[in-house]
file protein-v4.txt (compact mmCIF, C-alpha atoms)
# COMPACT_ATOMS: atom_id res chain seq x y z
CA MET A 48 8.96 11.91 9.10
CA ILE A 49 12.38 10.72 10.17
CA THR A 50 12.80 7.89 12.69
CA LYS A 51 15.60 7.51 15.22
CA LEU A 52 17.02 3.98 15.12
CA ALA A 53 19.69 4.51 17.78
CA GLU A 54 21.66 7.39 19.23
CA ASN A 55 22.96 9.40 16.26
CA VAL A 56 21.45 6.98 13.71
CA TYR A 57 18.31 7.98 11.76
CA TRP A 58 16.05 6.58 9.08
CA VAL A 59 15.63 9.44 6.58
CA GLY A 60 13.99 7.47 3.79
CA VAL A 61 10.65 7.64 2.03
CA VAL A 62 7.44 5.58 2.18
CA ASP A 63 5.92 5.06 -1.27
CA TRP A 64 2.33 4.10 -0.52
CA SER A 65 1.16 4.26 -4.14
CA LEU A 66 3.80 2.04 -5.77
CA ARG A 67 2.16 -0.92 -7.52
CA ARG A 68 4.81 -2.04 -10.02
CA PHE A 69 8.58 -2.25 -9.57
CA HIS A 70 11.56 -2.96 -11.84
CA GLY A 71 9.56 -1.27 -14.57
CA HIS A 72 6.48 -3.50 -14.69
CA GLU A 73 8.28 -6.71 -13.75
CA LEU A 74 7.28 -6.99 -10.07
CA SER A 75 3.95 -6.31 -8.37
CA THR A 76 3.96 -4.35 -5.11
CA HIS A 77 0.40 -4.51 -3.78
CA ARG A 78 1.38 -2.94 -0.46
CA GLY A 79 3.69 -0.25 -1.81
CA SER A 80 7.28 -0.02 -0.62
CA THR A 81 9.84 2.11 1.15
CA TYR A 82 13.20 3.44 0.02
CA ASN A 83 15.34 3.31 3.13
CA SER A 84 18.21 5.71 3.63
CA TYR A 85 20.18 5.91 6.87
CA LEU A 86 21.97 8.94 8.33
CA ILE A 87 24.78 8.52 10.88
CA THR A 88 26.14 11.51 12.78
CA ASP A 89 29.52 10.87 14.36
CA GLU A 90 32.74 12.83 13.92
CA LYS A 91 31.99 12.20 10.27
CA THR A 92 28.48 12.41 8.87
CA VAL A 93 27.52 9.39 6.78
CA LEU A 94 24.54 8.67 4.53
CA VAL A 95 24.02 4.98 3.72
CA ASP A 96 22.10 4.66 0.44
CA THR A 97 19.73 7.23 -1.01
CA VAL A 98 16.20 6.92 -2.43
CA TRP A 99 14.63 6.72 -5.86
CA GLY A 100 15.09 9.93 -7.84
CA PRO A 101 11.46 11.19 -7.83
CA PHE A 102 11.69 11.43 -4.02
CA GLN A 103 15.01 13.27 -3.84
CA ASP A 104 13.51 16.50 -2.47
CA GLN A 105 11.88 14.63 0.39
CA LEU A 106 15.18 12.92 1.18
CA ILE A 107 16.93 16.31 1.35
CA ARG A 108 14.20 17.64 3.65
CA ASN A 109 14.50 14.62 5.92
CA ILE A 110 18.27 14.95 6.18
CA SER A 111 17.89 18.65 6.88
CA GLU A 112 15.85 17.86 10.00
CA VAL A 113 19.05 16.42 11.49
CA VAL A 114 22.03 18.08 9.76
CA ASP A 115 22.86 20.41 6.92
CA PRO A 116 23.17 18.10 3.88
CA ALA A 117 26.35 19.98 2.97
CA SER A 118 28.00 18.47 6.05
CA ILE A 119 27.80 14.90 4.73
CA ASP A 120 31.31 13.44 4.50
CA LEU A 121 30.60 9.96 3.15
CA VAL A 122 27.80 8.52 1.01
CA VAL A 123 27.84 4.73 1.12
CA ALA A 124 26.32 3.16 -1.99
CA ASN A 125 25.65 -0.47 -1.07
CA HIS A 126 24.08 -1.05 -4.48
CA ALA A 127 23.82 1.15 -7.57
CA GLU A 128 20.34 0.28 -8.81
CA VAL A 129 18.36 3.50 -9.16
CA ASP A 130 15.83 2.82 -6.42
CA HIS A 131 18.82 3.18 -4.08
CA SER A 132 21.11 5.57 -5.94
CA GLY A 133 18.59 7.72 -7.83
CA SER A 134 19.00 10.67 -5.45
CA LEU A 135 22.78 10.45 -5.41
CA PRO A 136 23.24 13.34 -7.89
CA ALA A 137 21.05 15.59 -5.72
CA ILE A 138 22.94 14.60 -2.57
CA MET A 139 26.28 15.26 -4.23
CA ARG A 140 25.14 18.68 -5.39
CA HIS A 141 24.49 19.56 -1.75
CA ALA A 142 27.52 17.72 -0.36
CA SER A 143 30.01 18.49 -3.08
CA LYS A 144 33.02 17.43 -0.97
CA ALA A 145 31.59 14.08 0.04
CA THR A 146 33.22 10.80 -0.92
CA VAL A 147 31.16 8.00 -2.44
CA VAL A 148 32.00 4.65 -0.84
CA ALA A 149 31.23 1.59 -2.97
CA SER A 150 32.54 -1.76 -4.10
CA SER A 151 34.64 -1.73 -7.25
CA ARG A 152 31.68 -3.03 -9.24
CA GLY A 153 29.52 -0.43 -7.52
CA ARG A 154 31.75 2.36 -8.75
CA GLU A 155 31.54 0.94 -12.26
CA SER A 156 27.73 0.93 -12.10
CA ILE A 157 27.41 4.38 -10.55
CA GLU A 158 29.73 5.95 -13.10
CA GLY A 159 27.77 4.17 -15.83
CA TYR A 160 24.50 5.60 -14.56
CA TYR A 161 25.49 9.17 -13.73
CA HIS A 162 28.70 10.05 -15.62
CA GLN A 163 29.94 12.31 -12.81
CA PRO A 164 33.55 12.84 -11.65
CA TRP A 165 32.80 12.18 -7.97
CA ASP A 166 35.46 11.22 -5.47
CA PHE A 167 35.22 7.47 -4.86
CA GLN A 168 36.62 5.20 -2.19
CA MET A 169 36.36 1.54 -3.15
CA VAL A 170 36.06 -1.06 -0.40
CA LYS A 171 36.05 -4.84 -0.14
CA THR A 172 35.12 -7.42 2.48
CA GLY A 173 36.86 -6.69 5.79
CA ASP A 174 37.66 -3.07 5.03
CA SER A 175 36.58 -0.51 7.59
CA ILE A 176 36.36 3.25 7.84
CA ALA A 177 36.60 5.00 11.20
CA ILE A 178 33.97 7.71 11.48
CA GLY A 179 34.62 8.76 15.09
CA LYS A 180 33.50 6.68 18.04
CA ASN A 181 32.28 4.02 15.64
CA SER A 182 33.40 2.47 12.38
CA LEU A 183 31.84 1.18 9.20
CA VAL A 184 32.74 -2.38 8.23
CA PHE A 185 32.04 -3.62 4.71
CA ILE A 186 31.07 -7.06 3.41
CA GLU A 187 30.86 -7.64 -0.32
CA ALA A 188 27.72 -9.55 -1.33
CA PRO A 189 27.92 -10.11 -5.09
CA MET A 190 24.69 -11.36 -6.69
CA LEU A 191 22.56 -10.45 -3.69
CA HIS A 192 21.18 -9.46 -6.07
CA TRP A 193 23.62 -7.56 -8.34
CA PRO A 194 27.39 -8.00 -8.81
CA ASP A 195 28.01 -4.67 -7.05
CA SER A 196 25.99 -5.37 -3.88
CA MET A 197 27.55 -5.08 -0.44
CA PHE A 198 26.57 -4.84 3.23
CA THR A 199 27.59 -2.09 5.67
CA TYR A 200 27.89 -2.76 9.40
CA LEU A 201 28.00 0.02 11.98
CA THR A 202 30.10 -0.88 15.00
CA GLY A 203 29.07 0.37 18.41
CA LYS A 204 25.41 0.38 17.33
CA ASN A 205 25.57 -3.18 15.96
CA ILE A 206 23.43 -2.29 12.94
CA LEU A 207 23.71 -4.28 9.71
CA MET A 208 22.61 -2.41 6.59
CA PRO A 209 22.43 -5.12 3.89
CA ASN A 210 20.66 -3.19 1.13
CA ASP A 211 18.33 -5.55 -0.77
CA ALA A 212 18.88 -8.59 1.43
CA PHE A 213 16.26 -9.19 4.15
CA GLY A 214 13.89 -6.54 2.74
CA GLN A 215 10.28 -6.41 1.62
CA HIS A 216 8.17 -4.20 -0.62
CA TYR A 217 5.94 -3.10 2.23
CA ALA A 218 4.72 0.44 2.96
CA THR A 219 3.85 0.84 6.64
CA ALA A 220 3.07 3.56 9.15
CA PHE A 221 5.91 2.39 11.40
CA ARG A 222 9.51 1.49 10.75
CA PHE A 223 10.15 -1.59 12.88
CA ASN A 224 9.23 -5.26 12.50
CA ASP A 225 7.57 -5.49 15.92
CA GLN A 226 5.17 -2.65 15.02
CA VAL A 227 3.53 -4.20 11.95
CA ASP A 228 1.21 -7.08 11.06
CA GLN A 229 3.40 -10.20 11.13
CA ASN A 230 1.38 -12.10 8.53
CA GLU A 231 1.64 -9.21 6.08
CA LEU A 232 5.33 -8.81 6.86
CA TYR A 233 6.18 -12.41 6.07
CA GLU A 234 3.91 -12.53 3.02
CA GLU A 235 5.93 -9.67 1.56
CA ALA A 236 9.28 -11.03 2.76
CA ILE A 237 8.81 -14.43 1.10
CA LYS A 238 7.38 -12.86 -2.06
CA TYR A 239 10.45 -10.60 -2.20
CA TYR A 240 12.79 -13.56 -1.76
CA ALA A 241 10.96 -15.79 -4.23
CA ASN A 242 10.80 -13.23 -7.05
CA ILE A 243 14.16 -11.49 -6.60
CA LEU A 244 16.67 -13.62 -4.73
CA THR A 245 15.80 -17.25 -5.47
CA PRO A 246 18.16 -17.51 -8.48
CA PHE A 247 21.00 -16.60 -6.14
CA SER A 248 20.13 -19.02 -3.33
CA PRO A 249 23.58 -20.70 -3.32
CA GLN A 250 25.20 -17.28 -2.87
CA VAL A 251 22.66 -16.44 -0.16
CA LEU A 252 23.61 -19.53 1.82
CA ARG A 253 27.32 -18.84 1.48
CA LYS A 254 26.92 -15.20 2.48
CA ILE A 255 24.82 -16.03 5.52
CA GLU A 256 27.46 -18.49 6.74
CA GLU A 257 30.18 -15.91 6.07
CA VAL A 258 28.38 -13.18 7.98
CA LEU A 259 27.52 -15.43 10.92
CA ALA A 260 31.14 -16.62 11.07
CA LEU A 261 32.26 -13.02 11.67
CA ASN A 262 30.51 -13.22 15.06
CA LEU A 263 29.39 -9.61 14.78
CA PRO A 264 26.76 -8.65 17.33
CA VAL A 265 23.60 -7.67 15.44
CA ASP A 266 21.04 -5.61 17.32
CA MET A 267 19.29 -4.38 14.19
CA ILE A 268 19.06 -5.27 10.48
CA ALA A 269 18.17 -2.25 8.37
CA PRO A 270 17.47 -3.25 4.74
CA SER A 271 16.81 -0.96 1.82
CA HIS A 272 13.09 -1.75 1.51
CA GLY A 273 10.42 -2.36 4.12
CA VAL A 274 10.77 -2.52 7.88
CA VAL A 275 13.85 -2.54 10.08
CA TRP A 276 14.33 -5.76 12.06
CA ARG A 277 14.96 -4.84 15.70
CA GLN A 278 12.99 -7.50 17.59
CA ASP A 279 14.91 -10.77 17.23
CA PRO A 280 16.61 -9.38 14.10
CA LEU A 281 18.27 -12.65 13.15
CA GLN A 282 14.86 -14.26 12.60
CA ILE A 283 14.91 -13.06 9.00
CA VAL A 284 18.45 -14.40 8.52
CA HIS A 285 17.29 -17.84 9.67
CA LYS A 286 14.30 -17.58 7.32
CA TYR A 287 16.61 -16.75 4.41
CA ARG A 288 18.71 -19.79 5.26
CA GLU A 289 15.53 -21.90 5.20
CA TRP A 290 14.26 -20.38 1.95
CA ALA A 291 17.64 -20.63 0.26
CA SER A 292 17.75 -24.38 0.95
CA GLN A 293 14.68 -24.68 -1.31
CA GLN A 294 12.97 -27.54 0.51
CA PRO A 295 9.35 -26.93 -0.52
CA GLY A 296 6.24 -28.07 1.30
CA LYS A 297 3.92 -30.93 0.40
CA SER A 298 1.51 -28.73 -1.51
CA ALA A 299 0.74 -27.99 -5.15
CA VAL A 300 -0.09 -25.06 -7.40
CA ILE A 301 -2.22 -25.39 -10.54
CA VAL A 302 -1.74 -22.61 -13.09
CA TYR A 303 -3.89 -22.61 -16.21
CA ASP A 304 -5.76 -20.50 -18.73
CA THR A 305 -8.91 -21.42 -20.61
CA MET A 306 -10.89 -20.28 -23.64
CA TRP A 307 -14.26 -22.03 -23.42
CA GLU A 308 -14.05 -23.44 -19.87
CA GLY A 309 -12.92 -26.93 -20.86
CA THR A 310 -9.41 -26.46 -19.48
CA ARG A 311 -10.90 -24.84 -16.37
CA LEU A 312 -12.95 -27.98 -15.71
CA MET A 313 -9.81 -30.05 -16.18
CA ALA A 314 -7.87 -27.81 -13.76
CA GLU A 315 -10.50 -28.10 -11.06
CA THR A 316 -10.62 -31.88 -11.48
CA VAL A 317 -6.82 -32.12 -11.17
CA GLY A 318 -7.29 -30.25 -7.92
CA ASP A 319 -9.85 -32.81 -6.77
CA GLY A 320 -7.29 -35.54 -7.38
CA LEU A 321 -4.70 -33.69 -5.31
CA SER A 322 -7.01 -32.99 -2.39
CA GLY A 323 -8.34 -36.54 -2.54
CA GLU A 324 -4.83 -37.66 -1.61
CA GLY A 325 -4.63 -35.12 1.19
CA VAL A 326 -2.43 -32.62 -0.70
CA PRO A 327 -3.50 -28.96 -0.41
CA TYR A 328 -3.37 -26.90 -3.56
CA LYS A 329 -3.98 -23.42 -4.92
CA LEU A 330 -5.52 -22.86 -8.34
CA TYR A 331 -4.82 -19.80 -10.49
CA ASN A 332 -6.28 -18.67 -13.79
CA CYS A 333 -3.17 -17.13 -15.27
CA ALA A 334 -5.15 -14.57 -17.28
CA VAL A 335 -6.54 -12.85 -14.18
CA SER A 336 -3.89 -13.63 -11.55
CA ASP A 337 -0.74 -11.80 -10.56
CA ARG A 338 2.40 -13.45 -11.92
CA ASN A 339 4.56 -12.60 -8.90
CA ASP A 340 1.97 -13.84 -6.44
CA MET A 341 1.79 -17.12 -8.37
CA ALA A 342 5.58 -17.41 -8.38
CA ALA A 343 5.68 -16.94 -4.60
CA GLU A 344 3.15 -19.75 -4.17
CA VAL A 345 5.09 -22.04 -6.52
CA PHE A 346 8.24 -21.26 -4.52
CA LYS A 347 6.55 -22.58 -1.38
CA ALA A 348 4.99 -25.63 -3.07
CA GLY A 349 6.50 -28.94 -4.08
CA ALA A 350 4.46 -29.41 -7.25
CA VAL A 351 3.28 -27.23 -10.13
CA VAL A 352 0.73 -28.40 -12.69
CA LEU A 353 0.26 -26.34 -15.87
CA GLY A 354 -2.79 -26.30 -18.12
CA SER A 355 -3.67 -24.64 -21.42
CA PRO A 356 -5.78 -25.30 -24.47
CA THR A 357 -3.87 -25.50 -27.71
CA PHE A 358 -3.91 -22.10 -29.39
CA ASN A 359 -2.23 -21.35 -32.72
CA GLN A 360 -0.36 -24.65 -32.35
CA GLY A 361 0.98 -23.47 -29.01
CA ILE A 362 -0.25 -22.39 -25.58
CA LEU A 363 -2.31 -19.37 -24.64
CA PRO A 364 -0.01 -16.31 -24.53
CA THR A 365 -0.97 -15.49 -20.94
CA LEU A 366 1.08 -18.45 -19.72
CA ALA A 367 4.24 -17.44 -21.56
CA PRO A 368 5.40 -14.74 -19.07
CA PHE A 369 4.75 -17.06 -16.16
CA VAL A 370 6.69 -20.03 -17.48
CA GLU A 371 9.51 -17.69 -18.50
CA SER A 372 9.57 -16.38 -14.92
CA LEU A 373 9.80 -19.93 -13.60
CA ARG A 374 12.73 -20.65 -15.89
CA GLY A 375 14.60 -17.53 -14.77
CA LEU A 376 13.89 -18.01 -11.06
CA ARG A 377 15.47 -21.48 -11.11
CA PHE A 378 13.27 -23.05 -8.47
CA LYS A 379 14.58 -26.40 -7.27
CA ASN A 380 13.19 -29.65 -5.86
CA LYS A 381 9.84 -29.50 -7.64
CA ILE A 382 7.75 -31.94 -9.63
CA GLY A 383 5.10 -31.22 -12.22
CA ALA A 384 2.70 -32.29 -14.93
CA ALA A 385 0.56 -30.75 -17.68
CA PHE A 386 -2.94 -30.96 -19.12
CA GLY A 387 -5.16 -29.15 -21.61
CA SER A 388 -7.92 -29.27 -24.14
CA TYR A 389 -7.63 -28.96 -27.90
CA GLY A 390 -9.69 -28.99 -31.05
CA TRP A 391 -7.48 -29.71 -34.02
CA SER A 392 -3.75 -30.13 -33.52
CA GLY A 393 -3.14 -30.64 -29.77
CA GLU A 394 0.42 -29.34 -29.29
CA GLY A 395 -0.34 -27.43 -26.06
CA VAL A 396 0.40 -30.17 -23.51
CA PRO A 397 3.75 -31.25 -25.04
CA ILE A 398 4.79 -27.59 -25.14
CA LEU A 399 3.92 -27.16 -21.46
CA GLU A 400 5.90 -30.29 -20.64
CA GLU A 401 8.87 -28.87 -22.51
CA HIS A 402 8.58 -25.70 -20.46
CA LEU A 403 8.61 -27.78 -17.28
CA ARG A 404 11.73 -29.58 -18.43
CA ASN A 405 13.39 -26.22 -19.24
CA CYS A 406 12.59 -25.17 -15.66
CA LYS A 407 14.28 -28.34 -14.32
CA ILE A 408 10.91 -29.52 -12.94
CA ASP A 409 10.57 -33.31 -13.03
CA ILE A 410 7.48 -34.54 -14.86
CA VAL A 411 5.92 -37.30 -12.78
CA ALA A 412 2.78 -38.10 -14.74
CA GLU A 413 1.84 -38.32 -18.42
CA GLY A 414 0.01 -35.23 -19.61
CA VAL A 415 -3.73 -35.34 -20.15
CA ARG A 416 -5.27 -34.01 -23.37
CA ALA A 417 -9.02 -33.69 -23.92
CA ARG A 418 -10.45 -32.97 -27.37
CA TRP A 419 -13.08 -30.25 -27.50
CA GLN A 420 -14.93 -30.32 -24.17
CA PRO A 421 -13.69 -32.95 -21.68
CA ARG A 422 -15.82 -36.07 -21.38
CA ALA A 423 -16.29 -38.08 -18.21
CA ASP A 424 -13.30 -40.30 -19.01
CA ASP A 425 -11.14 -37.21 -19.69
CA LEU A 426 -12.06 -35.77 -16.29
CA GLN A 427 -11.28 -39.11 -14.66
CA SER A 428 -7.87 -38.92 -16.28
CA CYS A 429 -7.45 -35.43 -14.83
CA HIS A 430 -8.44 -36.71 -11.39
CA ASP A 431 -5.91 -39.52 -11.79
CA LEU A 432 -3.27 -36.98 -12.85
CA GLY A 433 -3.79 -35.02 -9.65
CA SER A 434 -3.63 -38.24 -7.61
CA LYS A 435 -0.39 -39.30 -9.29
CA VAL A 436 1.23 -35.91 -8.64
CA ALA A 437 0.07 -36.04 -5.02
CA ARG A 438 1.49 -39.51 -4.47
CA ALA A 439 4.78 -38.53 -6.07
CA LEU A 440 4.90 -35.46 -3.85
CA LYS A 441 4.39 -37.63 -0.77
CA GLY A 442 7.10 -40.03 -1.89
CA ALA A 443 4.83 -42.90 -2.93
CA ASP A 444 4.82 -44.63 -6.30
CA PRO A 445 2.67 -42.26 -8.44
CA GLY A 446 1.38 -45.21 -10.44
CA VAL A 447 -0.12 -46.94 -7.41
call {"tool": "encode", "arguments": {"input": "protein-v4.txt", "output": "structure tokens"}}
result
Amino acid sequence: MITKLAENVYWVGVVDWSLRRFHGHELSTHRGSTYNSYLITDEKTVLVDTVWGPFQDQLIRNISEVVDPASIDLVVANHAEVDHSGSLPAIMRHASKATVVASSRGRESIEGYYHQPWDFQMVKTGDSIAIGKNSLVFIEAPMLHWPDSMFTYLTGKNILMPNDAFGQHYATAFRFNDQVDQNELYEEAIKYYANILTPFSPQVLRKIEEVLALNLPVDMIAPSHGVVWRQDPLQIVHKYREWASQQPGKSAVIVYDTMWEGTRLMAETVGDGLSGEGVPYKLYNCAVSDRNDMAAEVFKAGAVVLGSPTFNQGILPTLAPFVESLRGLRFKNKIGAAFGSYGWSGEGVPILEEHLRNCKIDIVAEGVRARWQPRADDLQSCHDLGSKVARALKGADPGV
């Protein structure tokens, strides 16, 4: 069902309730997602972004509720990734005379994906296209989150369409932010930021300042996934500014795996040391927990403590994808430590500490190793480890 955003502006996208993995299998989407496409009917008919290819027929049906798809004059491709451009070939078959509007890098990506001789108009920051009573204004946004990304602003209606920025993987019955559960909305918004945009936080901050400096009135922010922000739309911009500054809270996350419960006991005792100092924590068994959910929690926290038994002179393989995610996400302003049990060789803790260093996470306490099952003194050392991390997190001398 289409949704009218403003006079002559329509959401014609698709809600994907069943989506559970995104970017292949890289990102979890427990609440599904939407692929947002926006239709503008002025003297020229404009489609801003399309939807993922498997939903192209539904997109055509939605557009047909408003106009004949053949009447589309311009297709704006804010970003070429296939969840946004996958239906572009179908649209261009219907609107064979339409022009594709994209950044120069966007054209490169689109031609690389689809190998079609479409008519392109390349735009850069500050360019505009008059479409009748209103105009489209373009703002390049490289690395938010691809080099080709850009924003489109519709004058007269004061609608910013920023593609992946300010979005969420969140399937809902309604299209607007004031119509949905606010806790769910912000859970998905921060998870989206943490797992997709964190590596580009410096660019996010610069782009926010650039957009705000334009002094464009913004009555609505219409991203490519999730809900449209119409009630206090700049609230999500201010949240992005906060998240991009990467000033985490005084909390901790413990991520571990275990073979015969020894490392689990150590993890829980580290948690006791944290809470004993008044620091809240969350504890995850990496083998049965969602990697993206854990990353979102680490993003919010100031400390991460990793635990694994030594296995094949290394760590348990379940931790490898998680620590690789941390390295790639480039979280800042975090401290950490490591612990684990072992039987013979004991390399697990030093390897975890090396992973922390590779993630630019400062190690604030010596790692704890327990041979076989932890004894009472080993568990005391784990409790002390948690206390030291907590005191470091609060700014006190961790050795006190």
call {"tool": "residues_around", "arguments": {"input": "protein-v4.txt", "residues": "stretch 347-359 of chain A", "least_positions_apart": "5", "cutoff": "7 Å", "atoms": "only C-alpha atoms", "output": "PDB file with C-alpha atoms, in the coordinates of the input"}}
result
ATOM      1  CA  PRO A 295       9.350 -26.930  -0.520  1.00  0.00           C
ATOM      2  CA  GLY A 296       6.240 -28.070   1.300  1.00  0.00           C
ATOM      3  CA  LYS A 297       3.920 -30.930   0.400  1.00  0.00           C
ATOM      4  CA  SER A 298       1.510 -28.730  -1.510  1.00  0.00           C
ATOM      5  CA  ALA A 299       0.740 -27.990  -5.150  1.00  0.00           C
ATOM      6  CA  VAL A 300      -0.090 -25.060  -7.400  1.00  0.00           C
ATOM      7  CA  ILE A 301      -2.220 -25.390 -10.540  1.00  0.00           C
ATOM      8  CA  VAL A 302      -1.740 -22.610 -13.090  1.00  0.00           C
ATOM      9  CA  TYR A 303      -3.890 -22.610 -16.210  1.00  0.00           C
ATOM     10  CA  ASP A 304      -5.760 -20.500 -18.730  1.00  0.00           C
ATOM     11  CA  THR A 305      -8.910 -21.420 -20.610  1.00  0.00           C
ATOM     12  CA  THR A 310      -9.410 -26.460 -19.480  1.00  0.00           C
ATOM     13  CA  ALA A 314      -7.870 -27.810 -13.760  1.00  0.00           C
ATOM     14  CA  ASN A 380      13.190 -29.650  -5.860  1.00  0.00           C
ATOM     15  CA  LYS A 381       9.840 -29.500  -7.640  1.00  0.00           C
ATOM     16  CA  ILE A 382       7.750 -31.940  -9.630  1.00  0.00           C
ATOM     17  CA  GLY A 383       5.100 -31.220 -12.220  1.00  0.00           C
ATOM     18  CA  ALA A 384       2.700 -32.290 -14.930  1.00  0.00           C
ATOM     19  CA  ALA A 385       0.560 -30.750 -17.680  1.00  0.00           C
ATOM     20  CA  PHE A 386      -2.940 -30.960 -19.120  1.00  0.00           C
ATOM     21  CA  GLY A 387      -5.160 -29.150 -21.610  1.00  0.00           C
ATOM     22  CA  SER A 388      -7.920 -29.270 -24.140  1.00  0.00           C
ATOM     23  CA  TYR A 389      -7.630 -28.960 -27.900  1.00  0.00           C
ATOM     24  CA  GLY A 393      -3.140 -30.640 -29.770  1.00  0.00           C
ATOM     25  CA  GLU A 394       0.420 -29.340 -29.290  1.00  0.00           C
ATOM     26  CA  GLY A 395      -0.340 -27.430 -26.060  1.00  0.00           C
ATOM     27  CA  LEU A 399       3.920 -27.160 -21.460  1.00  0.00           C
ATOM     28  CA  LEU A 440       4.900 -35.460  -3.850  1.00  0.00           C
TER      29      LEU A 440
END
call {"tool": "atom_distance", "arguments": {"input": "protein-v4.txt", "atom1": "atom CA of A:Trp58", "atom2": "atom CA of A:Leu106"}}
result
10.2 Å
call {"tool": "residues_near_point", "arguments": {"input": "protein-v4.txt", "point": "(6.6, -5.9, -0.5)", "cutoff": "12 Å", "atoms": "all atoms listed in the file", "output": "ChimeraX atom specification"}}
result
/A:62-64,66-69,74-82,211,213-219,231-243,271-274,339-340,343
call {"tool": "residues_near_point", "arguments": {"input": "protein-v4.txt", "point": "(-8.2, -33.3, -6.3)", "cutoff": "12 Å", "atoms": "all atoms listed in the file", "output": "NGL selection string"}}
result
:A and (298-301 or 312-330 or 426-438)
call {"tool": "atom_distance", "arguments": {"input": "protein-v4.txt", "atom1": "atom CA of A:Arg140", "atom2": "atom CA of A:Leu86"}}
result
17.1 Å
call {"tool": "atom_distance", "arguments": {"input": "protein-v4.txt", "atom1": "atom CA of A:Val275", "atom2": "atom CA of A:Gly173"}}
result
23.8 Å
call {"tool": "residues_around", "arguments": {"input": "protein-v4.txt", "residues": "A:Val284", "least_positions_apart": "5", "cutoff": "12 Å", "atoms": "only C-alpha atoms", "output": "list in words"}}
result
Leu207, Pro209, Ala212, Phe213, Gly214, Ala236, Tyr240, Val251, Leu252, Lys254, Ile255, Glu256, Val258, Leu259, Val265, Met267, Ile268, Pro270, Trp276, Asp279, Glu289, Trp290 and Ala291 of chain A
call {"tool": "residues_around", "arguments": {"input": "protein-v4.txt", "residues": "A:Pro101", "least_positions_apart": "5", "cutoff": "10 Å", "atoms": "all atoms listed in the file", "output": "PDB file with C-alpha atoms, keeping the file's coordinate frame"}}
result
ATOM      1  CA  LEU A 106      15.180  12.920   1.180  1.00  0.00           C
ATOM      2  CA  ASP A 130      15.830   2.820  -6.420  1.00  0.00           C
ATOM      3  CA  GLY A 133      18.590   7.720  -7.830  1.00  0.00           C
ATOM      4  CA  SER A 134      19.000  10.670  -5.450  1.00  0.00           C
TER       5      SER A 134
END
call {"tool": "closest_residue", "arguments": {"input": "protein-v4.txt", "among": "A:Trp307, A:Asn224, A:Asn262, A:Leu121", "to": "A:Pro421", "atoms": "all atoms listed in the file"}}
result
A:Trp307
call {"tool": "closest_residue", "arguments": {"input": "protein-v4.txt", "among": "A:Ala423, A:Asn205, A:Glu73, A:Ser292", "to": "A:Phe369", "atoms": "only C-alpha atoms"}}
result
A:Glu73
call {"tool": "closest_residue", "arguments": {"input": "protein-v4.txt", "among": "A:Ile138, A:Ala124, A:Ile49, A:Ile176", "to": "A:Glu90", "atoms": "only C-alpha atoms"}}
result
A:Ile176
call {"tool": "closest_residue", "arguments": {"input": "protein-v4.txt", "among": "A:Asn55, A:Leu263, A:Ser392, A:Val227", "to": "A:Arg418", "atoms": "all atoms listed in the file"}}
result
A:Ser392
call {"tool": "closest_atom_pairs", "arguments": {"input": "protein-v4.txt", "of": "stretch 83-140 of chain A", "to": "stretch 164-172 of chain A", "cutoff": "10 Å", "atoms": "all atoms listed in the file", "output": "JSON lines"}}
result
{"residue": "A:Leu121", "atom": "CA", "partner": "A:Gln168", "partner_atom": "CA", "distance": 9.3}
{"residue": "A:Val122", "atom": "CA", "partner": "A:Phe167", "partner_atom": "CA", "distance": 9.5}
{"residue": "A:Val123", "atom": "CA", "partner": "A:Gln168", "partner_atom": "CA", "distance": 9.4}
{"residue": "A:Pro136", "atom": "CA", "partner": "A:Trp165", "partner_atom": "CA", "distance": 9.6}
{"residue": "A:Met139", "atom": "CA", "partner": "A:Trp165", "partner_atom": "CA", "distance": 8.1}
call {"tool": "closest_residue", "arguments": {"input": "protein-v4.txt", "among": "A:Val113, A:Ser118, A:Pro194, A:Asn405", "to": "A:Ala142", "atoms": "all atoms listed in the file"}}
result
A:Ser118
